[in-house]
Amino acid sequence: MTGKHEAADVEQVDQELNLDTVEIAAKTPDEVQPYAELGLRDDEYAKIREILGRRPTGSELAMYSIMWSEHCSYKSSKVHLRKFGEKNPTNTRMLAGIGENAGVVAITDELAVTFKVESHNHPSYIEPHQGAATGVGGIVRDILAMGARPIAVMDTLRFGDAEHPDTKRVLPGVVSGISFYGNCLGLPNIGGEVVFDASYQGNPLVNALSVGVLPASRLQNKAASGVGNVVVLLGQKTGKDGIGGVSVLASATFEDDATDNRPSVQVGDPFVEKLLIESCLEMYDAGLVVGIQDLGGAGLTCALSETAAAAELGMYVDLERVPLRDATMEPHEVLASESQERMLLIVNPSKVEDVLAVAEKWGVLATAIGTVTAASPEGGGGRLIINWHGQTVVDCPPGSLADDGPVYHRPIKEPNDRALIAADRAETLPRPSTDAELRETVLKMAATPNLADKTWITEQYDDMVGGNTALSMPDDAGVLRLDGTGAVDPNIGPLGIALSTDGNGRFARLDPYTGAQLAIAEAYRNVAVTGATPIAASDCLNFGSPEDPHVMWQFAQAVEGLADACAQLGVPITGGNVSFYNQTGMTAIHPTPVVAVLGVLDDVRRRVPMGFANDGDVIILLGETFAELSGSEWAWSQHGHLGGIPPAVDLAGEMALAAVMKRAAEVEHVSAAHDLSDGGLAQALVESVLKHGVGARVKLPDHADPFVWLFAESTARAVVCLPRGHEVAFGALCDEHGVPWTPLGIVDSTVGGLEIVDHFQIPTGELREASEGTLPRLFG
Amino acid sequence: MTARIGVVTFPGSLDDRDAQRAVRLAGATPVPLWHGETALRGVDAVILPGGFSYGDYLRGGAIARFAPVMETLIDAAKGGLPVLGICNGFQILCESHLLPGVLTRNAHMRFRRRSQRLRVENSATAFTSHFDPGQEIVIPVKNGEGRYVADEHTLDELEGEGRVVFRYLDGNPSGALRDIAGVTNAAGNVVGLMPHPEHAVEALTGASLDGLGMFTSVIAHLGQTAAAGS
Amino acid sequence: MARVLVDVMLKPEILDPQGEAVANALPRLGVNGITSVRIGKRIELDFEGEADLEQARAVADALLANPVIETFTLRVDEGS
Amino acid sequence: MARVLVDVMLKPEILDPQGEAVANALPRLGVNGITSVRIGKRIELDFEGEADLEQARAVADALLANPVIETFTLRVDEGS
Ligand SMILES: Nc1ncnc2c1ncn2[C@@H]1O[C@H](COP(=O)(O)OP(=O)(O)O)[C@@H](O)[C@H]1O
Ligand SMILES: [Mg+2]
């Protein structure tokens, strides 16, 4: 130990020599600072000087550069995201909305649910396993910060071409990272998406969702309120993780040695996160915390400034008290570090001892690092003062970091090839004409990486830990029982929630407004077919560079489309995430708005699963089929074609379908249901047969064009199974809600596969081989 | 008096509440036990649940073995207390030498979850008396280090003494030697298995109800020993 | 400060899937001269003062290696 | 036959959860003198004929170590 101490002392002397303090900053106004390298523009740097009335210290410069970055300040997206607030339907369920760590919706008077999607795209490309793992860890802490026990995760993934060698590096790493972190945390993974498209080759998307449940009375707040309250850092020691751009500061201050090669990769430890969850929950229940904030992007910088700003008070921090993994760290590094598994707590002084005791019980580090201080008498909140071994390195208004970042009105330009793209319709492509060709197409489509069975991925996820998973992969939505509800009256089952995430970059590429609406429509439909009532949404908007006016146009359109759809569906956006700069060189990814929809089930026992199971069940198609093939999986996988106009959005139709499904589930008219989306009816039938290996005999209506009926991707449709004898009542229900319905056939195990009467038959084995062979062949 | 069945929570235990729920559904009283305490609170049997105790970074169960609760538990198990180790619990039992062998990384190196058919090879242990000999059951398996390994001599001995309790059917999910899914000690009071019976106890959440038999078996076993003792 | 290095390797008869996976990938890298790859653990134990080999051995024996499948060797790291 | 040994360790600034977990467990084994534990990989590459260090380095670079978070060293095993 002595050796270590000596080393640290030497370091410290070094650091003091180089330490840039407020005092020094005031005396050296002309010091040249690397603000441009840190991503700040001239006017932004000037504004910082104006706020401070002097040049910033190195630590302050680091903090402003991070907090005013696109990622933290939403400077390019802010003006657009306001639409969500403006257009969100009024909703009495919403207990916390956009701007909080995650949105919270009331399920009953006592119980609430919180959920959010977030991206971890860039880290997952650099280091797939750790990048994806820490993506899960980060979103789970957001949920925890709201006072909730996290109860599940989901993952929405986009990779480059399935055959590309780099996809073989990225996909297995991403999947193992999600699997590792979520499984070790004890959170069931209840669904997600995997899509392959060359547009994501150099920039895969890893969007993670977490959902949690809390007694409404336990809702937590991030405000550092109460002058004199103690600021406690809980969790992992702080290391040089993810410091990234801020290392510029070090190299500007020091010689350029030893400081390069700084990892921008964070390494996650789900075991510590599990302990963090348990200790936070114990503290909430004992009423020990006044405020709490997770440490994610921008680490302490973000947590300190946001908690202080939210309370409009000040904060004083002795930064050297932060437990470090690396004694040589400088204050700006401590402030910028993105070390994982940390939370910031605001604690009444009388409760500090109890907080430390709970942390000790779970074996988590807890350290008091500061106090909440009063607001300035002249108003405008307090000061954030950070000391390092007795010297002040930061003295600024916390609101200037957290709230008053730059706001850009980026130029927007509608691409001028829109008419051309719209005219390049897939509806005119050559189609399979014979029955043999139709049969072949069904098989070829079932085997495409996008439609193929995803078990190679999903079997790496624990979907059952916690014992409340009522539906998961490959069902349309994940469904969870809310533990401890509904036990009193045996006629009233426990409550349930349903969640689905969806997005279609091809549709959004063709038309971002419509594409965003189609994303929420699909997620809504996936939730609805389980019998749940959709009540809220969260979104993750993945786009290219906001500096590209065409991308900005896509973004603005997508937000507008999503906000309009939410208003019509009566489902508010409760929170989300924007990820820009998803591109390789000058080429942006397909605009990819991903939407998660949350639904509730009054009795989770009535949830409707996917798949043919019972011989003799009648199969019915809900909704209308049009010759809509542009942007479809058929056009893309069979012709490499992307053009035309995506399928029409029919939100009224989606709502009617949801109403039918909810009622039918309640009275047990339906035994199974599956929404129609990518690959159309053909794919839905294939998946329904493969679920239990029970076959079906399907007869398309006489007037139907079999190709269009099998492969069009018209919206607001689902296939449902009815136990025999329920047809009349169910038909009446559909008529009542104006949902078109078409009897298609029956579930019949003697068929031994899928029979499209008068056209073709495919044995289960052949379907299975097509669907289940693809991913193992590609990834081992 | 209903049976009191302890469920140990280690830091990193994950399926502990699930095991408690299964105990309750089977008709006994679950008693939470804490890794840091040596007291077994007078329980009649103990379950070591699934999860990743202490993160399981070195080898599954290697660190948990040194938890204070294990000191008393190892002695109690040697004295005849029924102990069931599920998944991580099985790993802990092997690392504690209450059961022979060890669980290594799956041969395909991935975490794998699926519904698994098993054959009950020994229905005479404290946890399997409610099954018929040779009965086939379906319960889920989910692990990354579930490949049972022991030397040939030990394996032969286990087979010879009928101490292989569960065997995988329809494909071995991990590459476990001789398709072994679970084993018991010579006395039949300590049983470990990789699959998760506590996740096959409710129609809402499980693919079957086959797991319940393990919990009702031990309750019956405790009833018998109590009757014999009085 | 002194450092003890503990190398933990799987016994030769125990399947090493990780090593096999690497070995199988070698031809794709154009490497053909390697006949076998075995992957074990290298553990660095840093002691406060003098290296205590006996203590290190006890730790390796009880915790770091499982004798059913692994063997270990240890040595003081002269470099440190 | 010749053997090349490759040691792959996490870069010092990278969190090593495995090592931390072991270090935290040591007091329960009655061991108190160890201040830090780091766990990496030890890999044995067996060559048909002569050891080819250049080839071993290429393999380590491509397959054995993840350059984003790990470093490696290699040497010919004199013992073999
Ligand atoms: N990355 C993933 N993680 C978890 N579940 C996934 C993932 N990808 C797909 N799934 C699951 O596989 C099933 C099929 O996915 P998909 O065909 O995309 O569903 P849909 O088209 O109905 O949205 C769904 O249950 C989905 O939740
Ligand atoms: Mg679906």
# chains A, B, ... in the order shown; residues from 1 in each chain; ligands from 1

call {"tool": "residues_near_ligand", "arguments": {"ligand": "ligand 1", "cutoff": "7 Å", "atoms": "only C-alpha atoms and all ligand atoms", "output": "PDB file with C-alpha atoms, in the first residue's frame"}}
result
ATOM      1  CA  MET A 154     -36.150  -5.471 -25.029  1.00  0.00           C
ATOM      2  CA  ASP A 155     -33.700  -4.852 -27.844  1.00  0.00           C
ATOM      3  CA  THR A 156     -34.209  -3.384 -31.271  1.00  0.00           C
ATOM      4  CA  LEU A 157     -31.324  -4.148 -33.586  1.00  0.00           C
ATOM      5  CA  ASN A 189     -35.804 -10.062 -22.397  1.00  0.00           C
ATOM      6  CA  ILE A 190     -39.322 -10.153 -23.757  1.00  0.00           C
ATOM      7  CA  GLY A 191     -38.924  -9.065 -27.353  1.00  0.00           C
ATOM      8  CA  GLY A 192     -37.342  -6.842 -29.911  1.00  0.00           C
ATOM      9  CA  GLU A 193     -36.425  -6.741 -33.541  1.00  0.00           C
ATOM     10  CA  VAL A 194     -33.583  -7.750 -35.808  1.00  0.00           C
ATOM     11  CA  LEU A 451     -37.992 -12.874 -41.940  1.00  0.00           C
ATOM     12  CA  LYS A 454     -34.569 -15.489 -34.805  1.00  0.00           C
ATOM     13  CA  ILE A 457     -30.486 -14.772 -31.182  1.00  0.00           C
ATOM     14  CA  THR A 458     -33.413 -14.982 -28.810  1.00  0.00           C
ATOM     15  CA  SER A 472     -42.331 -13.408 -25.185  1.00  0.00           C
ATOM     16  CA  MET A 473     -40.434 -14.329 -28.337  1.00  0.00           C
ATOM     17  CA  PRO A 474     -41.733 -15.162 -30.912  1.00  0.00           C
ATOM     18  CA  ASP A 475     -45.074 -13.702 -29.845  1.00  0.00           C
ATOM     19  CA  ASP A 476     -46.104 -10.316 -31.199  1.00  0.00           C
ATOM     20  CA  ALA A 477     -45.599  -8.493 -27.935  1.00  0.00           C
ATOM     21  CA  GLY A 478     -43.940  -9.279 -24.646  1.00  0.00           C
ATOM     22  CA  SER A 500     -43.695  -4.126 -28.557  1.00  0.00           C
ATOM     23  CA  THR A 501     -41.001  -2.182 -30.393  1.00  0.00           C
ATOM     24  CA  ASP A 502     -41.130  -1.638 -34.132  1.00  0.00           C
ATOM     25  CA  ASN A 526     -48.565  -5.923 -32.010  1.00  0.00           C
ATOM     26  CA  ASP A 675     -50.501  -9.269 -36.720  1.00  0.00           C
ATOM     27  CA  SER A 677     -46.436  -6.884 -41.106  1.00  0.00           C
ATOM     28  CA  ASP A 678     -43.192  -7.681 -42.938  1.00  0.00           C
TER      29      ASP A 678
END

call {"tool": "calpha_fit_rmsd", "arguments": {"fixed": "chain C", "moving": "chain D"}}
result
0.4 Å

call {"tool": "atom_distance", "arguments": {"atom1": "CA of Ile43 in chain D", "atom2": "CA of Arg42 in chain C"}}
result
8.8 Å

call {"tool": "residues_around", "arguments": {"residues": "range 405-408 of chain A", "least_positions_apart": "3", "cutoff": "10 Å", "atoms": "only C-alpha atoms", "output": "list in words"}}
result
Asp43, Glu44, Lys47, Ile48, Tyr64, Ser65, Met67, Trp68, Ser69, Glu70, Cys72, Ser73, Tyr74, Lys75, Ser76, Ser77, Lys78, Val79, Gly399, Ser400, Leu401, Ala402 and Pro411 of chain A

call {"tool": "write_last_selection", "arguments": {"atoms": "C-alpha atoms", "output": "mmCIF file, in the first residue's frame"}}
result
data_model
loop_
_atom_site.group_PDB
_atom_site.id
_atom_site.type_symbol
_atom_site.label_atom_id
_atom_site.label_comp_id
_atom_site.auth_asym_id
_atom_site.auth_seq_id
_atom_site.Cartn_x
_atom_site.Cartn_y
_atom_site.Cartn_z
ATOM 1 C CA ASP A 43 -20.172 31.652 -30.562
ATOM 2 C CA GLU A 44 -20.719 28.881 -28.044
ATOM 3 C CA LYS A 47 -21.346 32.445 -24.643
ATOM 4 C CA ILE A 48 -19.606 30.325 -22.005
ATOM 5 C CA TYR A 64 -19.838 22.685 -21.193
ATOM 6 C CA SER A 65 -18.522 20.823 -24.201
ATOM 7 C CA MET A 67 -23.474 19.146 -21.873
ATOM 8 C CA TRP A 68 -23.781 21.287 -24.972
ATOM 9 C CA SER A 69 -23.053 18.379 -27.292
ATOM 10 C CA GLU A 70 -25.772 17.059 -29.550
ATOM 11 C CA CYS A 72 -26.809 15.816 -24.161
ATOM 12 C CA SER A 73 -28.386 19.074 -25.276
ATOM 13 C CA TYR A 74 -30.596 17.883 -28.142
ATOM 14 C CA LYS A 75 -29.608 21.141 -29.797
ATOM 15 C CA SER A 76 -30.632 20.073 -33.293
ATOM 16 C CA SER A 77 -33.747 18.175 -32.310
ATOM 17 C CA LYS A 78 -35.195 20.335 -29.530
ATOM 18 C CA VAL A 79 -37.246 22.617 -31.741
ATOM 19 C CA GLY A 399 -28.807 25.640 -15.281
ATOM 20 C CA SER A 400 -26.383 27.022 -17.850
ATOM 21 C CA LEU A 401 -25.073 23.496 -18.319
ATOM 22 C CA ALA A 402 -28.272 21.524 -18.066
ATOM 23 C CA PRO A 411 -31.506 24.062 -42.308
#

call {"tool": "atom_distance", "arguments": {"atom1": "CA of Thr57 in chain A", "atom2": "CA of His332 in chain A"}}
result
9.4 Å

call {"tool": "interface_residues", "arguments": {"of": "chain C", "to": "chain B", "cutoff": "9 Å", "atoms": "only C-alpha atoms", "output": "list in words"}}
result
Ile14, Leu15, Asp16, Pro17, Gln18, Ala62, Leu63, Leu64, Ala65, Asn66, Val68 and Ile69 of chain C

call {"tool": "write_last_selection", "arguments": {"atoms": "C-alpha atoms", "output": "PDB file, in the first residue's frame"}}
result
ATOM      1  CA  ILE C  14     -11.153 -31.560 -20.907  1.00  0.00           C
ATOM      2  CA  LEU C  15     -12.874 -30.031 -23.926  1.00  0.00           C
ATOM      3  CA  ASP C  16     -11.805 -26.442 -24.553  1.00  0.00           C
ATOM      4  CA  PRO C  17     -14.477 -25.062 -26.872  1.00  0.00           C
ATOM      5  CA  GLN C  18     -12.924 -21.613 -26.961  1.00  0.00           C
ATOM      6  CA  ALA C  62      -9.395 -23.173  -3.139  1.00  0.00           C
ATOM      7  CA  LEU C  63     -10.774 -20.644  -5.554  1.00  0.00           C
ATOM      8  CA  LEU C  64      -8.920 -19.909  -8.766  1.00  0.00           C
ATOM      9  CA  ALA C  65      -8.768 -23.415 -10.177  1.00  0.00           C
ATOM     10  CA  ASN C  66     -11.201 -26.298  -9.969  1.00  0.00           C
ATOM     11  CA  VAL C  68     -11.818 -31.532 -11.483  1.00  0.00           C
ATOM     12  CA  ILE C  69     -11.012 -29.790 -14.724  1.00  0.00           C
TER      13      ILE C  69
END

call {"tool": "interface_residues", "arguments": {"of": "chain A", "to": "chain D", "cutoff": "8 Å", "atoms": "only C-alpha atoms", "output": "PyMOL selection string"}}
result
chain A and resi 1+126-127+239-241+263+265-269+325-326

call {"tool": "write_last_selection", "arguments": {"atoms": "C-alpha atoms", "output": "PDB file, in the first residue's frame"}}
result
ATOM      1  CA  MET A   1       0.000   0.000   0.000  1.00  0.00           C
ATOM      2  CA  ILE A 126     -16.578  -0.060 -31.828  1.00  0.00           C
ATOM      3  CA  GLU A 127     -16.896  -2.829 -29.249  1.00  0.00           C
ATOM      4  CA  GLY A 239     -12.307   5.163 -14.015  1.00  0.00           C
ATOM      5  CA  LYS A 240     -11.227   6.548 -17.334  1.00  0.00           C
ATOM      6  CA  ASP A 241     -14.132   4.941 -19.157  1.00  0.00           C
ATOM      7  CA  PRO A 263     -10.677   4.055 -24.308  1.00  0.00           C
ATOM      8  CA  VAL A 265     -15.372   2.073 -24.395  1.00  0.00           C
ATOM      9  CA  GLN A 266     -17.094   1.484 -21.108  1.00  0.00           C
ATOM     10  CA  VAL A 267     -17.027  -1.953 -19.550  1.00  0.00           C
ATOM     11  CA  GLY A 268     -20.144  -3.019 -17.756  1.00  0.00           C
ATOM     12  CA  ASP A 269     -20.529  -5.089 -14.628  1.00  0.00           C
ATOM     13  CA  ARG A 325     -10.115   3.262 -10.035  1.00  0.00           C
ATOM     14  CA  ASP A 326      -7.132   5.164 -11.302  1.00  0.00           C
TER      15      ASP A 326
END

call {"tool": "closest_residue", "arguments": {"among": "C:Val6, C:Ala51, C:Leu74, C:Ile39", "to": "chain D", "atoms": "only C-alpha atoms"}}
result
C:Ile39

call {"tool": "select_by_dssp", "arguments": {"residues": "range 107-212 of chain B", "states": "helix (DSSP H, G or I)", "output": "ChimeraX atom specification"}}
result
/B:152-160,177-179,197-199,212

call {"tool": "write_last_selection", "arguments": {"atoms": "C-alpha atoms", "output": "PDB file, in the first residue's frame"}}
result
ATOM      1  CA  GLU B 152     -14.978 -41.316 -16.399  1.00  0.00           C
ATOM      2  CA  HIS B 153     -14.632 -43.095 -13.115  1.00  0.00           C
ATOM      3  CA  THR B 154     -16.972 -40.689 -11.366  1.00  0.00           C
ATOM      4  CA  LEU B 155     -19.451 -40.855 -14.220  1.00  0.00           C
ATOM      5  CA  ASP B 156     -19.466 -44.650 -14.115  1.00  0.00           C
ATOM      6  CA  GLU B 157     -19.956 -44.557 -10.401  1.00  0.00           C
ATOM      7  CA  LEU B 158     -22.857 -42.118 -10.716  1.00  0.00           C
ATOM      8  CA  GLU B 159     -24.491 -44.307 -13.338  1.00  0.00           C
ATOM      9  CA  GLY B 160     -23.849 -47.462 -11.359  1.00  0.00           C
ATOM     10  CA  LEU B 177     -21.335 -35.564 -20.625  1.00  0.00           C
ATOM     11  CA  ARG B 178     -23.679 -38.528 -20.942  1.00  0.00           C
ATOM     12  CA  ASP B 179     -26.577 -36.076 -21.350  1.00  0.00           C
ATOM     13  CA  PRO B 197     -38.312 -26.545 -12.327  1.00  0.00           C
ATOM     14  CA  GLU B 198     -39.396 -23.304 -10.630  1.00  0.00           C
ATOM     15  CA  HIS B 199     -40.227 -21.931 -14.079  1.00  0.00           C
ATOM     16  CA  LEU B 212     -44.098 -28.524  -9.466  1.00  0.00           C
TER      17      LEU B 212
END

call {"tool": "interface_residues", "arguments": {"of": "chain A", "to": "chain B", "cutoff": "10 Å", "atoms": "only C-alpha atoms", "output": "PyMOL selection string"}}
result
chain A and resi 172+176+179-180+183-187+269-275+278+361-363+455-472+479-481+604-607+780

call {"tool": "closest_residue", "arguments": {"among": "A:Arg525, A:Ala656, A:Ile746, A:Leu429", "to": "ligand 2", "atoms": "only C-alpha atoms and all ligand atoms"}}
result
A:Arg525

call {"tool": "residues_around", "arguments": {"residues": "Val8 in chain C", "least_positions_apart": "6", "cutoff": "7 Å", "atoms": "only C-alpha atoms", "output": "list in words"}}
result
Gly40, Lys41, Arg42, Ala65, Glu70, Thr71, Phe72 and Thr73 of chain C

call {"tool": "select_by_dssp", "arguments": {"residues": "range 168-214 of chain B", "states": "strand (DSSP E)", "output": "PyMOL selection string"}}
result
chain B and resi 168+180-184+190-193

call {"tool": "write_last_selection", "arguments": {"atoms": "all heavy atoms", "output": "compact mmCIF listing (two decimals), in the first residue's frame"}}
result
# COMPACT_ATOMS: atom_id res chain seq x y z
N TYR B 168 -31.00 -35.35 -20.31
CA TYR B 168 -31.59 -34.62 -21.44
C TYR B 168 -32.08 -35.58 -22.51
O TYR B 168 -31.40 -36.55 -22.83
CB TYR B 168 -30.54 -33.69 -22.08
CG TYR B 168 -30.04 -32.61 -21.16
CD1 TYR B 168 -28.69 -32.52 -20.81
CD2 TYR B 168 -30.91 -31.64 -20.65
CE1 TYR B 168 -28.22 -31.52 -19.98
CE2 TYR B 168 -30.45 -30.64 -19.82
CZ TYR B 168 -29.11 -30.58 -19.47
OH TYR B 168 -28.65 -29.58 -18.65
N ILE B 180 -26.16 -35.64 -19.00
CA ILE B 180 -26.58 -35.49 -17.61
C ILE B 180 -27.11 -34.07 -17.36
O ILE B 180 -26.43 -33.08 -17.60
CB ILE B 180 -25.40 -35.81 -16.66
CG1 ILE B 180 -25.09 -37.31 -16.73
CG2 ILE B 180 -25.73 -35.38 -15.22
CD1 ILE B 180 -23.87 -37.74 -15.94
N ALA B 181 -28.34 -34.02 -16.83
CA ALA B 181 -28.96 -32.74 -16.51
C ALA B 181 -28.98 -32.50 -15.01
O ALA B 181 -29.07 -31.36 -14.55
CB ALA B 181 -30.38 -32.68 -17.05
N GLY B 182 -28.94 -33.60 -14.22
CA GLY B 182 -28.98 -33.44 -12.78
C GLY B 182 -28.46 -34.70 -12.08
O GLY B 182 -28.59 -35.79 -12.62
N VAL B 183 -27.88 -34.50 -10.89
CA VAL B 183 -27.34 -35.64 -10.14
C VAL B 183 -27.71 -35.48 -8.66
O VAL B 183 -28.16 -34.43 -8.22
CB VAL B 183 -25.80 -35.75 -10.27
CG1 VAL B 183 -25.39 -35.93 -11.73
CG2 VAL B 183 -25.10 -34.55 -9.66
N THR B 184 -27.48 -36.55 -7.92
CA THR B 184 -27.74 -36.50 -6.47
C THR B 184 -26.53 -37.06 -5.72
O THR B 184 -25.65 -37.67 -6.32
CB THR B 184 -29.01 -37.31 -6.12
OG1 THR B 184 -29.28 -37.19 -4.72
CG2 THR B 184 -28.84 -38.79 -6.46
N VAL B 190 -29.38 -34.49 -1.42
CA VAL B 190 -28.87 -33.31 -2.13
C VAL B 190 -29.03 -33.57 -3.63
O VAL B 190 -28.52 -34.55 -4.15
CB VAL B 190 -27.39 -33.06 -1.80
CG1 VAL B 190 -26.87 -31.85 -2.59
CG2 VAL B 190 -27.20 -32.85 -0.30
N VAL B 191 -29.75 -32.68 -4.30
CA VAL B 191 -29.98 -32.83 -5.74
C VAL B 191 -29.62 -31.53 -6.43
O VAL B 191 -29.94 -30.45 -5.94
CB VAL B 191 -31.47 -33.17 -6.03
CG1 VAL B 191 -31.75 -33.16 -7.54
CG2 VAL B 191 -31.83 -34.52 -5.43
N GLY B 192 -28.92 -31.66 -7.54
CA GLY B 192 -28.63 -30.47 -8.34
C GLY B 192 -29.04 -30.72 -9.77
O GLY B 192 -28.89 -31.84 -10.28
N LEU B 193 -29.58 -29.70 -10.42
CA LEU B 193 -29.91 -29.84 -11.85
C LEU B 193 -29.77 -28.49 -12.54
O LEU B 193 -29.92 -27.44 -11.92
CB LEU B 193 -31.31 -30.43 -12.05
CG LEU B 193 -32.55 -29.53 -11.91
CD1 LEU B 193 -33.76 -30.26 -12.46
CD2 LEU B 193 -32.79 -29.13 -10.46

call {"tool": "residues_around", "arguments": {"residues": "Ser36 in chain C", "least_positions_apart": "2", "cutoff": "10 Å", "atoms": "only C-alpha atoms", "output": "list in words"}}
result
Gly19, Glu20, Val22, Ala23, Asn24, Gly33, Ile34 and Arg38 of chain C; Arg3, Glu44, Leu45, Asp46, Phe47 and Glu48 of chain D

call {"tool": "residues_around", "arguments": {"residues": "Glu78 in chain D", "least_positions_apart": "4", "cutoff": "10 Å", "atoms": "only C-alpha atoms", "output": "ChimeraX atom specification"}}
result
/D:2-5

call {"tool": "atom_distance", "arguments": {"atom1": "CA of Ala368 in chain A", "atom2": "CA of Asn348 in chain A"}}
result
11.4 Å

call {"tool": "residues_around", "arguments": {"residues": "Glu437 in chain A", "least_positions_apart": "6", "cutoff": "10 Å", "atoms": "only C-alpha atoms", "output": "list of chain:residue names"}}
result
A:Arg431, A:Leu443, A:Phe707, A:Phe760

call {"tool": "closest_residue", "arguments": {"among": "C:Ala60, C:Leu53, C:Val76, C:Val37", "to": "chain D", "atoms": "only C-alpha atoms"}}
result
C:Val37

call {"tool": "closest_residue", "arguments": {"among": "A:Val527, A:Val686, A:Ala556, A:Ala665", "to": "ligand 2", "atoms": "only C-alpha atoms and all ligand atoms"}}
result
A:Val527
